[in-house]
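Printed here is upload24.txt (compact mmCIF, C-alpha atoms):
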```txt
# COMPACT_ATOMS: atom_id res chain seq x y z
CA MET P 45 -81.92 115.04 132.29
CA ARG P 46 -82.39 118.05 134.53
CA LEU P 47 -80.81 120.97 132.78
CA PRO P 48 -78.53 123.28 134.77
CA ARG P 49 -79.65 126.86 135.37
CA ARG P 50 -76.25 128.05 134.08
CA ALA P 51 -73.34 126.16 132.51
CA LEU P 52 -69.68 126.93 131.87
CA VAL P 53 -67.77 125.27 129.03
CA VAL P 54 -63.98 125.37 129.47
CA GLY P 55 -62.03 124.92 126.22
CA LEU P 56 -63.60 126.01 122.94
CA ALA P 57 -62.06 123.68 120.40
CA ARG P 58 -64.27 121.32 118.41
CA SER P 59 -65.95 119.41 121.24
CA GLY P 60 -66.24 122.43 123.55
CA GLN P 61 -68.03 124.44 120.90
CA ALA P 62 -70.39 121.53 120.17
CA ALA P 63 -71.22 121.20 123.88
CA ALA P 64 -71.90 124.94 124.24
CA LEU P 65 -74.13 124.94 121.15
CA ALA P 66 -76.07 121.91 122.42
CA LEU P 67 -76.72 123.63 125.76
CA ALA P 68 -77.73 126.86 124.01
CA ARG P 69 -80.21 124.89 121.85
CA ARG P 70 -81.78 123.73 125.11
CA ASP P 71 -82.03 127.37 126.30
CA VAL P 72 -79.45 126.88 129.04
CA PRO P 73 -77.59 130.15 129.76
CA THR P 74 -74.07 129.15 128.78
CA VAL P 75 -70.66 130.75 129.16
CA GLY P 76 -67.73 129.58 127.04
CA VAL P 77 -64.13 130.28 127.98
CA ASP P 78 -60.80 129.54 126.31
CA ARG P 79 -57.35 130.63 127.43
CA SER P 80 -56.43 131.37 123.81
CA ALA P 81 -57.43 134.78 122.52
CA ASP P 82 -57.39 133.50 118.93
CA VAL P 83 -60.05 130.78 119.01
CA GLU P 84 -62.84 131.31 116.45
CA VAL P 85 -66.19 131.71 118.25
CA GLY P 86 -68.53 133.26 115.71
CA ARG P 87 -71.10 130.45 115.85
CA LEU P 88 -71.19 130.58 119.65
CA ALA P 89 -71.88 134.30 119.75
CA GLU P 90 -74.66 133.89 117.17
CA ALA P 91 -76.23 131.18 119.35
CA GLY P 92 -76.24 133.43 122.40
CA VAL P 93 -73.28 131.88 124.22
CA GLU P 94 -71.37 134.38 126.36
CA VAL P 95 -67.76 133.99 125.25
CA HIS P 96 -64.58 134.90 127.15
CA ARG P 97 -61.22 134.46 125.40
CA GLY P 98 -57.74 134.71 126.87
CA THR P 99 -58.94 134.40 130.46
CA GLU P 100 -59.55 131.86 133.22
CA GLU P 101 -61.07 134.14 135.88
CA GLU P 102 -62.63 132.28 138.80
CA GLY P 103 -65.48 134.78 138.81
CA LEU P 104 -66.86 133.03 135.74
CA LEU P 105 -68.07 130.25 138.05
CA GLU P 106 -70.65 132.51 139.70
CA ASP P 107 -74.11 130.84 139.63
CA VAL P 108 -72.73 127.98 137.48
CA GLU P 109 -74.32 124.58 138.18
CA LEU P 110 -72.35 122.53 135.64
CA LEU P 111 -68.86 122.76 134.12
CA ILE P 112 -68.14 120.99 130.83
CA LYS P 113 -64.40 120.40 130.47
CA SER P 114 -62.90 119.87 127.03
CA PRO P 115 -60.52 116.89 126.76
CA GLY P 116 -57.50 119.12 126.16
CA VAL P 117 -58.00 120.91 129.50
CA PRO P 118 -56.17 119.26 132.44
CA GLY P 119 -58.14 118.61 135.60
CA GLU P 120 -55.77 120.81 137.60
CA ALA P 121 -56.37 123.86 135.37
CA PRO P 122 -57.64 126.87 137.36
CA LEU P 123 -61.35 126.76 136.51
CA PRO P 124 -61.89 122.98 136.90
CA ALA P 125 -59.88 123.03 140.14
CA ALA P 126 -61.94 125.91 141.49
CA ALA P 127 -65.19 124.24 140.40
CA ARG P 128 -64.19 121.06 142.18
CA ALA P 129 -63.47 123.02 145.36
CA ARG P 130 -66.95 124.55 145.15
CA GLY P 131 -68.66 121.21 144.55
CA ILE P 132 -69.72 122.09 140.99
CA PRO P 133 -70.11 118.93 138.86
CA ILE P 134 -67.55 118.52 136.06
CA TRP P 135 -68.56 116.56 132.97
CA SER P 136 -66.82 115.72 129.74
CA GLU P 137 -68.54 116.61 126.48
CA ILE P 138 -69.13 112.85 126.11
CA GLU P 139 -71.06 112.70 129.39
CA LEU P 140 -73.25 115.60 128.26
CA GLY P 141 -73.85 113.97 124.88
CA PHE P 142 -74.75 110.65 126.46
CA ARG P 143 -77.35 112.33 128.67
CA LEU P 144 -78.85 114.40 125.86
CA LEU P 145 -79.08 111.57 123.32
CA ARG P 146 -81.17 108.43 123.71
CA ASN P 147 -79.57 106.42 120.91
CA PRO P 148 -77.86 103.07 121.57
CA LEU P 149 -74.14 103.73 122.02
CA ILE P 150 -71.05 101.66 121.25
CA GLY P 151 -68.00 103.07 123.04
CA ILE P 152 -64.50 102.25 121.74
CA THR P 153 -61.32 103.00 123.65
CA GLY P 154 -57.73 101.77 123.88
CA THR P 155 -54.26 103.18 123.43
CA ASN P 156 -54.08 102.49 119.70
CA GLY P 157 -56.52 101.65 116.92
CA LYS P 158 -59.56 103.57 118.20
CA THR P 159 -60.24 105.61 115.08
CA THR P 160 -59.68 102.72 112.67
CA THR P 161 -61.92 100.38 114.67
CA SER P 162 -64.66 103.00 115.08
CA GLU P 163 -64.74 103.78 111.36
CA LEU P 164 -64.59 100.08 110.44
CA LEU P 165 -67.51 99.33 112.74
CA GLY P 166 -69.42 102.22 111.16
CA ALA P 167 -68.74 100.66 107.75
CA MET P 168 -70.17 97.36 109.02
CA PHE P 169 -73.41 99.09 110.06
CA ARG P 170 -73.65 100.82 106.69
CA ALA P 171 -73.01 97.55 104.85
CA ALA P 172 -75.96 96.12 106.78
CA GLU P 173 -78.03 99.21 105.85
CA ARG P 174 -78.40 100.06 109.53
CA PRO P 175 -78.47 103.78 110.49
CA VAL P 176 -75.27 104.78 112.28
CA ALA P 177 -73.23 107.82 113.26
CA VAL P 178 -69.53 107.76 114.13
CA ALA P 179 -68.54 110.31 116.78
CA GLY P 180 -66.04 111.12 119.46
CA ASN P 181 -62.37 111.71 120.00
CA VAL P 182 -61.09 112.53 116.50
CA GLY P 183 -64.27 112.90 114.48
CA ARG P 184 -67.53 114.74 115.01
CA PRO P 185 -68.32 115.57 118.68
CA LEU P 186 -71.06 113.48 120.26
CA THR P 187 -73.13 116.52 121.31
CA SER P 188 -73.26 117.75 117.71
CA PHE P 189 -75.73 114.92 117.00
CA ASP P 190 -78.25 116.25 119.54
CA GLY P 191 -81.49 116.70 117.62
CA ALA P 192 -79.90 115.46 114.38
CA LEU P 193 -80.31 111.65 114.59
CA ASP P 194 -83.20 109.27 114.12
CA LYS P 195 -83.95 107.55 117.42
CA ASP P 196 -83.16 104.13 115.89
CA ALA P 197 -79.66 105.10 114.76
CA TRP P 198 -76.71 103.64 116.65
CA ILE P 199 -73.75 105.79 117.62
CA VAL P 200 -70.19 104.44 117.47
CA CYS P 201 -68.18 106.70 119.76
CA GLU P 202 -64.37 106.81 119.98
CA LEU P 203 -63.36 107.60 123.57
CA SER P 204 -60.00 108.87 124.80
CA SER P 205 -58.70 108.66 128.36
CA PHE P 206 -59.10 112.45 128.61
CA GLN P 207 -62.81 112.15 127.79
CA LEU P 208 -63.34 109.21 130.13
CA GLU P 209 -61.79 111.06 133.09
CA ASP P 210 -64.99 113.06 133.50
CA VAL P 211 -67.81 110.59 132.92
CA HIS P 212 -70.35 109.71 135.58
CA ARG P 213 -73.36 107.90 134.10
CA LEU P 214 -71.93 106.97 130.68
CA ARG P 215 -73.15 103.46 129.91
CA PRO P 216 -72.39 102.10 126.44
CA ARG P 217 -74.67 99.31 125.26
CA ILE P 218 -71.45 97.76 123.90
CA ALA P 219 -68.03 98.86 125.25
CA VAL P 220 -64.78 97.92 123.51
CA LEU P 221 -61.26 98.13 124.91
CA LEU P 222 -58.70 97.42 122.19
CA ASN P 223 -55.37 97.45 124.06
CA LEU P 224 -53.49 99.21 126.86
CA VAL P 225 -49.87 100.37 126.89
CA PRO P 226 -48.38 103.41 128.65
CA ASP P 227 -49.36 106.69 126.97
CA HIS P 228 -50.11 110.30 127.87
CA LEU P 229 -47.90 110.03 130.95
CA ASP P 230 -47.28 113.76 130.64
CA ARG P 231 -50.97 114.27 131.54
CA HIS P 232 -51.84 111.29 133.75
CA ALA P 233 -49.96 110.91 137.01
CA SER P 234 -48.99 107.29 136.23
CA TYR P 235 -49.77 104.34 134.00
CA ASP P 236 -52.17 103.12 136.70
CA ALA P 237 -54.10 106.40 136.50
CA TYR P 238 -54.18 106.19 132.70
CA ARG P 239 -55.40 102.58 132.85
CA ALA P 240 -58.07 103.47 135.41
CA ALA P 241 -59.38 106.24 133.15
CA LYS P 242 -59.67 103.83 130.23
CA LEU P 243 -61.49 101.20 132.29
CA ARG P 244 -64.18 103.72 133.25
CA ILE P 245 -65.85 102.85 129.95
CA PHE P 246 -67.16 99.69 131.66
CA GLU P 247 -68.06 100.94 135.15
CA ASN P 248 -71.79 101.60 134.63
CA GLN P 249 -72.52 98.60 132.43
CA THR P 250 -74.96 95.93 133.63
CA GLU P 251 -75.65 92.35 132.65
CA ALA P 252 -77.80 93.72 129.78
CA ASP P 253 -74.65 95.17 128.16
CA VAL P 254 -71.57 93.72 126.45
CA ALA P 255 -67.89 94.36 127.23
CA ILE P 256 -65.41 93.39 124.50
CA VAL P 257 -61.80 93.09 125.66
CA PRO P 258 -58.45 91.53 124.69
CA HIS P 259 -58.13 87.90 125.77
CA ASP P 260 -55.29 88.66 128.20
CA LEU P 261 -56.91 91.60 130.02
CA GLY P 262 -57.51 91.16 133.74
CA PRO P 263 -60.68 92.05 135.68
CA ILE P 264 -62.77 95.03 134.60
CA PRO P 265 -65.42 97.05 136.46
CA GLY P 266 -69.13 96.78 135.76
CA GLY P 267 -71.39 93.81 135.28
CA ALA P 268 -71.53 93.37 131.49
CA GLU P 269 -71.29 90.11 129.57
CA ARG P 270 -67.59 89.74 128.73
CA ILE P 271 -66.48 88.79 125.21
CA GLU P 272 -62.76 88.37 124.48
CA PHE P 273 -60.99 88.72 121.13
CA ARG P 274 -57.61 87.68 119.72
CA VAL P 275 -55.58 88.66 116.69
CA ASP P 276 -55.97 85.14 115.28
CA ASP P 277 -59.77 84.99 115.66
CA ALA P 278 -61.60 83.60 112.64
CA LEU P 279 -63.15 86.45 110.63
CA PRO P 280 -65.89 86.44 107.94
CA ALA P 281 -63.27 87.90 105.55
CA GLU P 282 -59.68 89.10 105.70
CA PRO P 283 -59.32 92.88 106.13
CA LEU P 284 -58.20 95.05 103.23
CA ILE P 285 -56.12 97.26 105.55
CA PRO P 286 -52.59 95.89 106.23
CA GLY P 287 -50.86 94.82 109.42
CA ALA P 288 -51.38 92.38 112.28
CA HIS P 289 -52.61 95.25 114.45
CA ASN P 290 -55.38 95.96 111.95
CA ARG P 291 -56.40 92.32 112.00
CA GLU P 292 -56.73 92.70 115.77
CA ASN P 293 -58.82 95.84 115.27
CA ALA P 294 -60.96 93.89 112.81
CA ALA P 295 -61.48 91.11 115.35
CA ALA P 296 -62.71 93.61 117.93
CA ALA P 297 -64.98 95.37 115.42
CA THR P 298 -66.40 92.01 114.32
CA ALA P 299 -67.21 91.05 117.92
CA ALA P 300 -68.94 94.41 118.46
CA ALA P 301 -70.89 94.13 115.20
CA ARG P 302 -72.11 90.65 116.08
CA ALA P 303 -73.15 91.92 119.53
CA ALA P 304 -75.22 94.55 117.70
CA GLU P 305 -76.79 91.74 115.61
CA ILE P 306 -75.15 92.65 112.30
CA ALA P 307 -75.05 89.71 109.88
CA ASP P 308 -71.72 88.15 108.93
CA ALA P 309 -72.30 88.93 105.24
CA ALA P 310 -72.32 92.68 105.99
CA ILE P 311 -69.31 92.33 108.29
CA ALA P 312 -67.41 90.52 105.53
CA GLU P 313 -68.26 93.20 102.95
CA ALA P 314 -66.92 95.94 105.24
CA LEU P 315 -63.74 93.99 106.01
CA ARG P 316 -63.03 93.46 102.32
CA THR P 317 -63.66 97.07 101.27
CA PHE P 318 -62.77 99.37 104.18
CA PRO P 319 -59.64 101.30 103.08
CA GLY P 320 -58.53 102.60 106.47
CA VAL P 321 -58.42 106.13 107.88
CA GLU P 322 -56.41 109.21 107.08
CA HIS P 323 -52.98 109.53 108.72
CA ARG P 324 -52.84 105.83 109.66
CA LEU P 325 -50.70 103.78 107.23
CA GLU P 326 -52.08 105.98 104.46
CA LEU P 327 -50.33 105.43 101.14
CA VAL P 328 -49.75 108.99 99.92
CA ALA P 329 -47.94 108.29 96.64
CA GLU P 330 -45.61 105.96 94.79
CA ILE P 331 -42.84 107.82 92.99
CA GLU P 332 -40.40 105.89 90.79
CA GLY P 333 -40.99 102.72 92.79
CA VAL P 334 -40.74 104.39 96.21
CA ARG P 335 -43.88 104.34 98.38
CA PHE P 336 -44.53 107.22 100.78
CA VAL P 337 -46.74 106.29 103.76
CA ASN P 338 -48.35 108.74 106.20
CA ASP P 339 -48.69 107.25 109.69
CA SER P 340 -48.83 110.60 111.50
CA LYS P 341 -51.48 109.23 113.86
CA ALA P 342 -48.80 107.00 115.45
CA THR P 343 -48.31 109.35 118.39
CA ASN P 344 -46.67 106.85 120.76
CA GLY P 345 -44.05 104.14 120.56
CA ALA P 346 -46.48 101.23 120.48
CA ALA P 347 -48.40 102.74 117.56
CA ALA P 348 -45.17 103.34 115.65
CA GLN P 349 -44.06 99.75 116.29
CA ARG P 350 -47.32 98.51 114.80
CA GLY P 351 -46.93 100.73 111.75
CA ILE P 352 -43.35 99.56 111.22
CA ALA P 353 -44.38 95.92 111.65
CA ALA P 354 -46.95 96.32 108.87
CA TYR P 355 -44.00 96.66 106.45
CA ALA P 356 -41.88 93.89 107.95
CA GLY P 357 -39.22 92.70 105.54
CA GLN P 358 -39.54 95.71 103.25
CA PRO P 359 -36.76 98.33 103.06
CA LEU P 360 -37.81 101.25 105.26
CA ARG P 361 -36.78 104.90 105.45
CA LEU P 362 -38.22 105.94 108.81
CA ILE P 363 -39.10 109.43 110.08
CA LEU P 364 -39.44 109.69 113.87
CA GLY P 365 -39.99 112.51 116.32
CA GLY P 366 -42.22 115.29 117.58
CA SER P 367 -43.26 116.50 121.02
CA LEU P 368 -42.58 114.48 124.17
CA LYS P 369 -45.22 112.65 126.23
CA GLY P 370 -43.08 111.22 129.01
CA GLU P 371 -42.54 107.90 127.22
CA SER P 372 -39.31 105.90 126.94
CA PHE P 373 -38.15 105.11 123.39
CA ASP P 374 -35.89 102.19 124.32
CA GLU P 375 -38.35 99.44 123.39
CA LEU P 376 -39.05 101.10 120.03
CA ALA P 377 -35.34 101.50 119.25
CA GLU P 378 -34.41 97.97 120.29
CA GLY P 379 -37.25 96.46 118.28
CA LEU P 380 -36.52 98.15 114.94
CA PRO P 381 -36.12 95.52 112.23
CA ALA P 382 -32.93 95.18 110.18
CA SER P 383 -34.92 96.32 107.13
CA VAL P 384 -34.84 99.93 108.41
CA ARG P 385 -32.25 101.53 106.12
CA SER P 386 -32.31 105.08 107.46
CA ILE P 387 -33.84 107.05 110.35
CA ASP P 388 -34.46 110.79 110.28
CA LEU P 389 -35.25 112.52 113.57
CA ILE P 390 -37.35 115.66 113.93
CA GLY P 391 -38.66 117.91 116.66
CA GLU P 392 -38.45 118.19 120.41
CA ALA P 393 -37.91 114.45 120.97
CA THR P 394 -34.74 114.32 118.86
CA ASP P 395 -32.29 114.08 121.77
CA GLU P 396 -34.26 111.37 123.61
CA LEU P 397 -34.77 109.36 120.43
CA ALA P 398 -31.10 109.76 119.53
CA ALA P 399 -30.05 108.47 122.95
CA ALA P 400 -32.34 105.42 122.69
CA LEU P 401 -31.19 104.66 119.13
CA GLY P 402 -27.57 105.04 120.19
CA ARG P 403 -28.04 102.53 123.01
CA ALA P 404 -29.60 100.14 120.47
CA GLY P 405 -26.67 100.58 118.08
CA ARG P 406 -28.76 102.22 115.35
CA THR P 407 -27.56 105.06 113.13
CA PHE P 408 -29.69 108.13 112.49
CA ARG P 409 -29.75 111.69 111.16
CA ARG P 410 -30.84 114.79 113.07
CA SER P 411 -33.00 116.37 110.37
CA GLY P 412 -34.76 118.78 112.70
CA ASP P 413 -37.98 119.35 110.80
CA LEU P 414 -40.30 117.43 108.50
CA PRO P 415 -39.35 119.11 105.19
CA THR P 416 -35.68 118.31 105.78
CA ALA P 417 -36.48 114.72 106.80
CA VAL P 418 -38.71 114.06 103.79
CA GLY P 419 -36.07 115.49 101.45
CA ALA P 420 -33.29 113.41 103.00
CA ALA P 421 -35.27 110.16 103.04
CA ALA P 422 -36.52 110.65 99.48
CA GLY P 423 -33.00 111.46 98.30
CA ASP P 424 -31.66 108.18 99.68
CA ALA P 425 -34.62 105.99 98.70
CA GLU P 426 -34.36 103.37 95.99
CA PRO P 427 -37.12 101.55 94.06
CA GLY P 428 -38.87 99.14 96.44
CA ASP P 429 -38.24 101.30 99.53
CA VAL P 430 -40.98 102.66 101.80
CA VAL P 431 -40.59 106.15 103.29
CA LEU P 432 -42.66 105.92 106.47
CA LEU P 433 -43.67 108.84 108.68
CA SER P 434 -44.51 107.03 111.93
CA PRO P 435 -43.39 109.57 114.53
CA ALA P 436 -43.91 107.75 117.87
CA CYS P 437 -44.54 111.23 119.31
CA ALA P 438 -47.22 113.88 119.59
CA SER P 439 -47.08 116.79 117.15
CA TYR P 440 -47.46 119.90 119.29
CA ASP P 441 -43.87 121.12 119.02
CA GLN P 442 -44.10 121.98 115.31
CA PHE P 443 -47.76 121.42 114.35
CA ARG P 444 -51.23 122.11 115.75
CA ASN P 445 -52.09 118.39 115.74
CA PHE P 446 -51.22 115.10 114.05
CA GLU P 447 -53.63 115.91 111.19
CA GLU P 448 -51.65 119.03 110.24
CA ARG P 449 -48.42 117.00 110.45
CA GLY P 450 -49.86 114.35 108.12
CA GLU P 451 -51.21 116.94 105.70
CA THR P 452 -47.78 118.60 105.62
CA PHE P 453 -46.21 115.23 104.81
CA ARG P 454 -48.67 114.78 101.95
CA ARG P 455 -47.86 118.22 100.58
CA LEU P 456 -44.12 117.65 100.81
CA VAL P 457 -44.41 114.33 99.00
CA GLY P 458 -46.53 115.98 96.32
CA GLU P 459 -43.76 118.50 95.77
CA LEU P 460 -41.33 115.68 94.97
CA TRP P 461 -43.05 114.89 91.67
```

How does the structure come out when it is put into structure tokens?
Amino acid sequence: MRLPRRALVVGLARSGQAAALALARRDVPTVGVDRSADVEVGRLAEAGVEVHRGTEEEGLLEDVELLIKSPGVPGEAPLPAAARARGIPIWSEIELGFRLLRNPLIGITGTNGKTTTSELLGAMFRAAERPVAVAGNVGRPLTSFDGALDKDAWIVCELSSFQLEDVHRLRPRIAVLLNLVPDHLDRHASYDAYRAAKLRIFENQTEADVAIVPHDLGPIPGGAERIEFRVDDALPAEPLIPGAHNRENAAAATAAARAAEIADAAIAEALRTFPGVEHRLELVAEIEGVRFVNDSKATNGAAAQRGIAAYAGQPLRLILGGSLKGESFDELAEGLPASVRSIDLIGEATDELAAALGRAGRTFRRSGDLPTAVGAAAGDAEPGDVVLLSPACASYDQFRNFEERGETFRRLVGELW
């Protein structure tokens, strides 16, 4: 790729820092900016990146030929909007990584299940003793692998709608879409805009590539060979991780692994042994016959419904709530099984969840915060019950991210011993 004479990276969280460091390694004069004055930027300064914190001055665009926008930065933020008006190209960190790396790429997107499917597919490669790196949305940024991977290694890359908004030439050898339900409507103008962002994963694929999609998905862009999957597809082995949704994730991962020419024996080994990912139906502890399960990664209603369904028929003590994303909770409330014995509500979404639960005729407690909710649920729980944190909401009202929320849940459960 032709390197820009000067680049600006907007947003200096994990992926923004990785992008700035990758550009600096290529001797591109790079400016990094973050509206927070508290972001840690020691590594950037050491690498020669010019860092500006607590500012979004338009003057930073002077002589800039490329803007890299972190996924947490909205497109209408001052610097991206000004860059667009000046005709300066805007790329996601994923687009930059794709252009810098020459490794075969498997892209995985969807509303729910991305992290689990990406890590499961990585386990399938490792079981086949094939070199692989897992990158993207939740894990290690794609650009951090620049100069660090053997050319024969595959990359499995989890892709969010925020990352896919700003791709241009991204072309996965294998692209996987797991599912689509309304999400992030606080950021995207509509479900149609959200869906369009997700489908961009396919737009540059050709007949030499493979697109793996749910059996009931309509037309997609691009010219790839289309392979469809279903929850009831035959698998080389049944997955260790519980839930119908994880069987669907396993079906998609199996289709992708076969497209990458991984043998069924290796696929079966990974399915039988892969334990799942942190913060997704993670069994934290069993205390006097009560299981405590961390599903903090369930940041929308559909994800929470899947987590709840994984324990169908078992007595549940459910913890819901967090920050709002513009989503209705009516479907979640109406679909709660009779096995839910108690519901504790926390955070900003309490009033909207309470209204939906009231319409569905369900009782609940307004616990307010996670420590209170865990204490109340644990106090009521009896042997055989499952205390499930499956919030159906983002975490930004009381936590930095869903990981911190899940880690707090773990700590609180540990204090019950």

Just the number, please: distance in Å from atom CA of P:Trp198 to atom CA of P:Pro48, one decimal.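 Atom-to-atom, atom CA of P:Trp198 and atom CA of P:Pro48 are spaced 26.8 Å apart.
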
Taking (-58.7, 97.0, 118.0) in the file's own coordinates, collect the residues within 8 Å, counting all atoms listed in the file, and hand them back as an MDAnalysis selection string. chainID P and resid 154 156:158 160:161 221:223 289:297

Sorted by chain and rising residue number, which residues of stretch 202-304 of chain P lie within 12 Å of stretch 370-375 of chain P, and what are their closest atom pairs and distances in Å to one decimal, counting all atoms listed in the file, as a tab-separated table?
```
residue	atom	partner	partner_atom	distance
P:Val225	CA	P:Glu371	CA	10.5
P:Pro226	CA	P:Glu371	CA	7.5
P:Asp227	CA	P:Glu371	CA	6.9
P:His228	CA	P:Gly370	CA	7.2
P:Leu229	CA	P:Gly370	CA	5.3
P:Asp230	CA	P:Gly370	CA	5.2
P:Arg231	CA	P:Gly370	CA	8.8
P:His232	CA	P:Gly370	CA	10.0
P:Ala233	CA	P:Gly370	CA	10.6
P:Ser234	CA	P:Gly370	CA	10.1
P:Tyr235	CA	P:Glu371	CA	10.5
```

Nearest-residue call for P:Gly458, choices P:Glu109, P:Glu100, P:Glu330, P:Glu137, using only C-alpha atoms: P:Glu330

Work out how far apart atom CA of P:Val430 and atom CA of P:Gly450 are and give it in Å to one decimal.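 Distance reported for this atom pair: 16.0 Å.
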
Quick one: residues within 6 Å of stretch 347-363 of chain P, all atoms listed in the file counted, chain neighbours fewer than 3 positions away excluded, as a PyMOL selection string? chain P and resi 287+342+344+383-388+421+429-434+436

Selection: 12 Å around P:Asn445, all atoms listed in the file, excl. self and same-chain fewer than 4 positions, as an MDAnalysis selection string: chainID P and resid 116 182 323 340:343 366:367 437:441 449:452

When distances are computed from only C-alpha atoms, which of P:Gly92, P:Pro216, P:Gly191, P:Pro280 shows the smallest separation from P:Phe142?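 That would be P:Pro216, the residue with the smallest distance to P:Phe142.
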
As an NGL selection string, please: the residues near P:Leu47 (cut-off 9 Å, only C-alpha atoms, same-chain neighbours under 5 positions excluded). :P and (67 or 70 or 72)
